[in-house]
Amino acid sequence: AGWKEARGAMDFNDLAVELALRPTEPRYDIIIADECQDFSGNELRAVYNHLKVEHSLTLVIDSAQRIYVRGFTWREVGIPVRPEHTSS
């Protein structure tokens with residue numbers, strides 16, 4: 001961590017955390033994100049933080065193509081998912 005701060009550098013997780021926590025403009029009505037099976041929880045939080053209150057979010061996930069083993073629940077990421085709004 002000291003190396004990054006000394007150089008003013010950020011890694012993907014640092015960027016995801018910043019984008020998930022700070023107020024963002026513009027906010028979007030619709031976001032469609034493909035290949036989300038490899039997103040981290042922080043990256044999903046960052047995407048969700050860019051939505052308007054009334055929105056449509058589509059996350060395309062193909063678990064057969066998963067490269068990274070990441071574990072999270074939709075609830076812990078902060079994305080409300082109802083069974084009637086999902087398909088497989």
# chains A, B, ... in the order shown; residues from 1 in each chain; ligands from 1
$ residues_around --residues "region 51-56 of chain A" --least-positions-apart "6" --cutoff "12 Å" --atoms "only C-alpha atoms" --output "list in words"
Leu19, Ala20, Pro23, Thr24, Glu25, Pro26, Arg27, Tyr28, Asp29, Ile30, Ile31, Ile32, Ala33, Leu44, Arg45, Ile79, Pro80, Val81 and His85 of chain A
$ select_by_dssp --residues "chain A" --states "strand (DSSP E or B)" --output "JSON, numbers by chain"
{"A": [28, 29, 30, 31, 32, 33, 51, 52, 53, 54, 55, 56, 57, 58, 59]}
$ closest_residue --among "A:Arg7, A:Arg22, A:Arg66, A:Arg75" --to "Gly41 (chain A)" --atoms "only C-alpha atoms"
A:Arg75
$ residues_around --residues "Thr86 (chain A)" --least-positions-apart "2" --cutoff "12 Å" --atoms "only C-alpha atoms" --output "ChimeraX atom specification"
/A:57-61,74,80-84,88
$ atom_distance --atom1 "CA of Val69 (chain A)" --atom2 "CA of Asp38 (chain A)"
7.7 Å
$ atom_distance --atom1 "CA of Glu18 (chain A)" --atom2 "CA of Asn42 (chain A)"
9.2 Å
$ atom_distance --atom1 "CA of Glu35 (chain A)" --atom2 "CA of His50 (chain A)"
18.1 Å
$ select_by_dssp --residues "chain A" --states "helix (DSSP H, G or I)" --output "tab-separated table (two decimals) with C-alpha atoms, in the first residue's frame"
chain	number	residue	atom	x	y	z
A	2	GLY	CA	2.83	2.41	0.76
A	3	TRP	CA	4.20	2.05	-2.77
A	4	LYS	CA	0.87	3.06	-4.31
A	5	GLU	CA	0.39	6.10	-2.06
A	6	ALA	CA	3.94	7.29	-2.64
A	7	ARG	CA	3.29	7.30	-6.39
A	12	PHE	CA	-8.52	-1.89	-9.75
A	13	ASN	CA	-9.87	-2.41	-6.25
A	14	ASP	CA	-8.89	1.11	-5.12
A	15	LEU	CA	-10.68	2.55	-8.15
A	16	ALA	CA	-13.77	0.37	-7.58
A	17	VAL	CA	-13.98	1.43	-3.92
A	18	GLU	CA	-13.66	5.12	-4.84
A	19	LEU	CA	-16.34	4.82	-7.53
A	20	ALA	CA	-18.62	2.91	-5.16
A	21	LEU	CA	-18.37	5.45	-2.33
A	36	CYS	CA	-19.83	-9.73	-14.91
A	37	GLN	CA	-18.89	-13.19	-13.65
A	38	ASP	CA	-15.42	-11.86	-12.91
A	41	GLY	CA	-18.14	-7.09	-5.04
A	42	ASN	CA	-16.55	-3.63	-5.06
A	43	GLU	CA	-16.77	-3.42	-8.85
A	44	LEU	CA	-20.48	-4.28	-8.70
A	45	ARG	CA	-20.99	-1.66	-5.99
A	46	ALA	CA	-19.29	0.89	-8.26
A	47	VAL	CA	-21.62	0.05	-11.15
A	48	TYR	CA	-24.68	0.23	-8.88
A	63	SER	CA	-20.38	-18.81	-14.64
A	64	ALA	CA	-18.90	-21.33	-17.12
A	65	GLN	CA	-16.46	-18.62	-18.24
A	74	TRP	CA	-26.25	-9.76	-3.91
A	75	ARG	CA	-27.37	-8.57	-0.48
A	76	GLU	CA	-23.82	-7.92	0.74
A	77	VAL	CA	-23.03	-6.05	-2.48
A	83	PRO	CA	-36.27	-14.00	-8.02
A	84	GLU	CA	-38.91	-12.79	-10.47
A	85	HIS	CA	-36.35	-10.36	-11.95
$ decode --residues "region 42-74 of chain A" --atoms "N, CA and C atoms" --output "short mmCIF file (atom, residue, chain, number, x, y, z; two decimals), in the first residue's frame"
data_model
loop_
_atom_site.label_atom_id
_atom_site.label_comp_id
_atom_site.auth_asym_id
_atom_site.auth_seq_id
_atom_site.Cartn_x
_atom_site.Cartn_y
_atom_site.Cartn_z
N ASN A 42 -16.78 -5.07 -4.97
CA ASN A 42 -16.55 -3.63 -5.06
C ASN A 42 -16.82 -3.10 -6.46
N GLU A 43 -16.49 -3.86 -7.48
CA GLU A 43 -16.77 -3.42 -8.85
C GLU A 43 -18.27 -3.36 -9.10
N LEU A 44 -19.02 -4.32 -8.56
CA LEU A 44 -20.48 -4.28 -8.70
C LEU A 44 -21.07 -3.11 -7.93
N ARG A 45 -20.54 -2.82 -6.76
CA ARG A 45 -20.99 -1.66 -5.99
C ARG A 45 -20.74 -0.37 -6.78
N ALA A 46 -19.62 -0.29 -7.46
CA ALA A 46 -19.29 0.89 -8.26
C ALA A 46 -20.29 1.06 -9.40
N VAL A 47 -20.63 -0.02 -10.07
CA VAL A 47 -21.62 0.05 -11.15
C VAL A 47 -22.95 0.52 -10.57
N TYR A 48 -23.38 -0.08 -9.48
CA TYR A 48 -24.68 0.23 -8.88
C TYR A 48 -24.74 1.69 -8.41
N ASN A 49 -23.63 2.23 -7.98
CA ASN A 49 -23.57 3.62 -7.50
C ASN A 49 -23.80 4.63 -8.61
N HIS A 50 -23.72 4.21 -9.86
CA HIS A 50 -23.90 5.12 -10.99
C HIS A 50 -25.33 5.15 -11.52
N LEU A 51 -26.24 4.45 -10.86
CA LEU A 51 -27.63 4.38 -11.31
C LEU A 51 -28.49 5.45 -10.65
N LYS A 52 -29.50 5.90 -11.39
CA LYS A 52 -30.52 6.77 -10.81
C LYS A 52 -31.40 5.94 -9.89
N VAL A 53 -32.23 6.60 -9.09
CA VAL A 53 -33.13 5.89 -8.18
C VAL A 53 -34.04 4.96 -8.98
N GLU A 54 -34.68 5.48 -10.01
CA GLU A 54 -35.49 4.66 -10.93
C GLU A 54 -34.57 4.21 -12.05
N HIS A 55 -34.33 2.91 -12.16
CA HIS A 55 -33.32 2.45 -13.12
C HIS A 55 -33.62 1.03 -13.59
N SER A 56 -32.85 0.64 -14.59
CA SER A 56 -32.84 -0.74 -15.07
C SER A 56 -31.38 -1.18 -15.11
N LEU A 57 -31.08 -2.27 -14.44
CA LEU A 57 -29.72 -2.80 -14.39
C LEU A 57 -29.74 -4.24 -14.91
N THR A 58 -28.94 -4.50 -15.93
CA THR A 58 -28.80 -5.86 -16.45
C THR A 58 -27.34 -6.27 -16.32
N LEU A 59 -27.11 -7.35 -15.58
CA LEU A 59 -25.76 -7.90 -15.41
C LEU A 59 -25.75 -9.27 -16.08
N VAL A 60 -24.92 -9.43 -17.09
CA VAL A 60 -24.83 -10.70 -17.80
C VAL A 60 -23.68 -11.49 -17.19
N ILE A 61 -24.02 -12.68 -16.69
CA ILE A 61 -23.05 -13.50 -15.97
C ILE A 61 -23.05 -14.89 -16.58
N ASP A 62 -21.87 -15.36 -16.98
CA ASP A 62 -21.71 -16.72 -17.51
C ASP A 62 -20.72 -17.44 -16.60
N SER A 63 -21.25 -18.17 -15.63
CA SER A 63 -20.38 -18.81 -14.64
C SER A 63 -19.46 -19.87 -15.26
N ALA A 64 -19.78 -20.36 -16.44
CA ALA A 64 -18.90 -21.33 -17.12
C ALA A 64 -17.62 -20.67 -17.61
N GLN A 65 -17.64 -19.35 -17.76
CA GLN A 65 -16.46 -18.62 -18.24
C GLN A 65 -15.70 -17.93 -17.12
N ARG A 66 -16.03 -18.24 -15.89
CA ARG A 66 -15.43 -17.57 -14.74
C ARG A 66 -13.91 -17.80 -14.72
N ILE A 67 -13.17 -16.71 -14.58
CA ILE A 67 -11.70 -16.77 -14.48
C ILE A 67 -11.27 -16.67 -13.03
N TYR A 68 -11.87 -15.75 -12.28
CA TYR A 68 -11.50 -15.50 -10.90
C TYR A 68 -12.55 -16.11 -9.97
N VAL A 69 -12.10 -16.68 -8.89
CA VAL A 69 -13.02 -17.19 -7.88
C VAL A 69 -13.32 -16.04 -6.94
N ARG A 70 -14.54 -15.57 -6.99
CA ARG A 70 -14.96 -14.45 -6.13
C ARG A 70 -16.25 -14.88 -5.46
N GLY A 71 -16.37 -14.56 -4.21
CA GLY A 71 -17.58 -14.92 -3.49
C GLY A 71 -18.26 -13.71 -2.90
N PHE A 72 -19.52 -13.53 -3.20
CA PHE A 72 -20.32 -12.46 -2.61
C PHE A 72 -21.78 -12.84 -2.78
N THR A 73 -22.62 -12.19 -2.00
CA THR A 73 -24.06 -12.32 -2.20
C THR A 73 -24.56 -10.98 -2.71
N TRP A 74 -25.67 -11.01 -3.41
CA TRP A 74 -26.25 -9.76 -3.91
C TRP A 74 -26.56 -8.82 -2.74
#
